[in-house]
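Enquirer: Would you mind keeping the following structure in view while I ask a few things?
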Amino acid sequence: GTVELALGACIGIRRDVIGFAFDEDLEAGDDAEFVASLRDAGFAMAYEAEVTPPLHLVEEEIQSLAARFFRYGTSSANTLLRKDRPEISIPFALPLYSSLCRGRIDTPRRFEEIADPRVRQAFAAYELVLLGSLLIGYLDQAGRILGREIIRLDRERLDAGWLEIERRTQTDFAWDGDWGRLPIDFERLLTPRATSAPALTPDVAANLARHAPLVVEPGSDPDLDRGGDQIGRRSEEVWATVNELLGELSAGRLPAAEEAIAGRLREGGIPFREGVQTLETIALGPVSAA
């Protein structure tokens, strides 16, 4: 009952039931537009708990990861501005991207549940790259659609910078353990501690600021922020649910284990990635000042 949009690259359609198809005018974002059209037509979304979940393993390097999240950003801009779908927007992208370019995000994903500090730093660095790539794709495409420059992108040099980030993760934060048995300890989130920004935050910020700088003021933008109220309400709901979850963990009513936490998040319709980032933020707060 909480599923809003079922997105994916492998969707089957009953032609005798559904009288419309994917929007071929969109080079990206057609799946989001299709599912939003399903909801407009009165089709309900359902989560089938008994189905074996797909395991999506993609062996790729940092450039292909960055390129994939760039496309995701492009998709969100297309569906917002070409199809008037504010529910798929990234509101307040300008100030968020500005903070990322300055290395000043207060609550970056720190992966505190990963016990090994080297792996923790590598995961956090890649998360910053993914966030930056998502926002670049969004702002670059939005500028093209709106006919005004928002960022000035040098894709070739940006990609070269990502390769350097990858080299740093492999030399400074190398780990030779079994990735299938990565040590995870969610009880770490129950112990308050001072946390700092991920180690490679300045490197990610420098690559963005040099090769994809903002050329507009990073304030509110009426064209880009139309979904802010809707997504803000959703964020408040996620925060409240995860706060309850943290209380259950602290009281020992819920095991501090991945599957138990994932199941509790599913009950609230919250993706694991979003939920754990919120859990980390509530438990540990903003990063400590450098």
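Scheme for the structure tokens: letters A, B, ... for chains in order shown; per-chain residue numbers from 1; ligand numbers from 1 in order shown.
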From a DSSP calculation on the backbone, collect every residue of region 14-244 of chain A in alpha helix (DSSP H) and output the set as number ranges by chain.
Expert: A: 30-40, 62-81, 93-101, 117-146, 155-172, 201-211, 228-244
Enquirer: Report as a tab-separated table the residues of region 150-222 of chain A within 12 Å of region 97-116 of chain A, each with its shortest atom pair and distance in Å (one decimal), using only C-alpha atoms, ordered by chain and increasing residue number.
Expert:
residue	atom	partner	partner_atom	distance
A:Ile150	CA	A:Tyr97	CA	11.2
A:Ile151	CA	A:Tyr97	CA	10.2
A:Phe173	CA	A:Asp116	CA	9.9
A:Ala174	CA	A:Asp116	CA	10.7
A:Trp175	CA	A:Asp116	CA	8.8
A:Asp176	CA	A:Asp116	CA	11.3
A:Gly177	CA	A:Asp116	CA	10.1
A:Trp179	CA	A:Ile114	CA	11.8
A:Arg181	CA	A:Ile114	CA	11.3
A:Leu182	CA	A:Ile114	CA	7.7
A:Pro183	CA	A:Ala115	CA	5.8
A:Ile184	CA	A:Ile114	CA	4.8
A:Asp185	CA	A:Glu113	CA	5.1
A:Phe186	CA	A:Glu113	CA	4.8
A:Glu187	CA	A:Glu113	CA	7.4
A:Arg188	CA	A:Glu113	CA	5.9
A:Leu189	CA	A:Glu113	CA	6.6
A:Leu190	CA	A:Glu113	CA	10.0
A:Thr191	CA	A:Glu112	CA	10.5
A:Pro192	CA	A:Glu112	CA	11.1
A:Arg193	CA	A:Glu112	CA	10.4
A:Ala194	CA	A:Glu112	CA	11.4
A:Thr195	CA	A:Arg110	CA	8.4
A:Ser196	CA	A:Arg110	CA	8.5
A:Ala197	CA	A:Pro108	CA	7.0
A:Pro198	CA	A:Arg110	CA	6.6
A:Ala199	CA	A:Arg110	CA	10.0
A:Leu200	CA	A:Gly103	CA	9.4
A:Thr201	CA	A:Gly103	CA	5.7
A:Pro202	CA	A:Gly103	CA	5.7
A:Asp203	CA	A:Gly103	CA	8.6
A:Val204	CA	A:Cys101	CA	7.6
A:Ala205	CA	A:Cys101	CA	4.3
A:Ala206	CA	A:Cys101	CA	6.8
A:Asn207	CA	A:Cys101	CA	8.1
A:Leu208	CA	A:Cys101	CA	5.6
A:Ala209	CA	A:Cys101	CA	5.2
A:Arg210	CA	A:Cys101	CA	8.9
A:His211	CA	A:Cys101	CA	10.4
A:Ala212	CA	A:Cys101	CA	9.0
A:Pro213	CA	A:Cys101	CA	7.8
A:Leu214	CA	A:Ser98	CA	7.3
A:Val215	CA	A:Ser98	CA	10.5
A:Val216	CA	A:Ser98	CA	10.1
A:Glu217	CA	A:Ser98	CA	9.0
A:Pro218	CA	A:Ser98	CA	6.2
A:Gly219	CA	A:Ser98	CA	9.3
A:Ser220	CA	A:Ser98	CA	11.9
Enquirer: Could the residues in this selection be written to a file with C-alpha atoms, as a compact mmCIF listing (two decimals), in the first residue's frame?
Expert:
# COMPACT_ATOMS: atom_id res chain seq x y z
CA ILE A 150 22.97 25.81 -15.15
CA ILE A 151 26.28 23.96 -15.01
CA PHE A 173 41.44 1.89 1.14
CA ALA A 174 42.26 -1.48 -0.40
CA TRP A 175 40.63 -4.56 1.15
CA ASP A 176 41.44 -8.15 0.27
CA GLY A 177 38.61 -9.85 2.13
CA TRP A 179 33.12 -9.41 -0.56
CA ARG A 181 31.14 -11.95 3.64
CA LEU A 182 31.60 -8.24 4.18
CA PRO A 183 31.46 -7.66 7.96
CA ILE A 184 28.31 -5.69 8.79
CA ASP A 185 27.55 -4.56 12.34
CA PHE A 186 24.41 -2.42 12.73
CA GLU A 187 25.00 -2.20 16.48
CA ARG A 188 27.63 0.41 15.63
CA LEU A 189 24.74 2.79 14.98
CA LEU A 190 23.60 2.39 18.59
CA THR A 191 26.85 3.84 19.95
CA PRO A 192 27.04 7.64 19.65
CA ARG A 193 30.38 8.83 18.32
CA ALA A 194 31.84 11.82 16.55
CA THR A 195 31.88 11.21 12.80
CA SER A 196 33.72 13.07 10.09
CA ALA A 197 33.12 13.58 6.40
CA PRO A 198 34.33 10.73 4.16
CA ALA A 199 38.06 10.90 3.52
CA LEU A 200 37.78 11.59 -0.21
CA THR A 201 35.16 14.34 0.14
CA PRO A 202 37.67 17.07 -0.88
CA ASP A 203 38.73 15.06 -3.96
CA VAL A 204 35.15 14.57 -5.13
CA ALA A 205 34.36 18.23 -4.45
CA ALA A 206 37.40 19.42 -6.42
CA ASN A 207 36.51 17.28 -9.44
CA LEU A 208 32.96 18.64 -9.49
CA ALA A 209 33.95 22.28 -8.93
CA ARG A 210 36.60 22.19 -11.65
CA HIS A 211 34.84 20.23 -14.36
CA ALA A 212 31.10 20.70 -13.72
CA PRO A 213 30.76 24.04 -11.90
CA LEU A 214 27.45 25.78 -11.26
CA VAL A 215 27.06 28.97 -13.28
CA VAL A 216 23.92 30.14 -11.41
CA GLU A 217 23.26 31.11 -7.81
CA PRO A 218 22.55 28.00 -5.72
CA GLY A 219 19.21 29.15 -4.37
CA SER A 220 15.63 28.09 -4.92
Enquirer: May I have all residues of region 84-279 of chain A that DSSP, computed from the backbone, assigns to strand (DSSP E or B), given as number ranges by chain?
Expert: A: 114, 151, 184, 214
Enquirer: Distance table requested - region 196-269 of chain A against region 42-58 of chain A, cut-off 12 Å, only C-alpha atoms: one row per qualifying residue with the closest atom pair and its distance in Å to one decimal, ordered by chain and rising residue number, as JSON lines.
Expert:
{"residue": "A:Gly263", "atom": "CA", "partner": "A:Ala49", "partner_atom": "CA", "distance": 10.3}
{"residue": "A:Arg266", "atom": "CA", "partner": "A:Tyr47", "partner_atom": "CA", "distance": 9.5}
{"residue": "A:Glu267", "atom": "CA", "partner": "A:Tyr47", "partner_atom": "CA", "distance": 10.3}
{"residue": "A:Gly268", "atom": "CA", "partner": "A:Tyr47", "partner_atom": "CA", "distance": 11.7}
{"residue": "A:Gly269", "atom": "CA", "partner": "A:Tyr47", "partner_atom": "CA", "distance": 9.3}
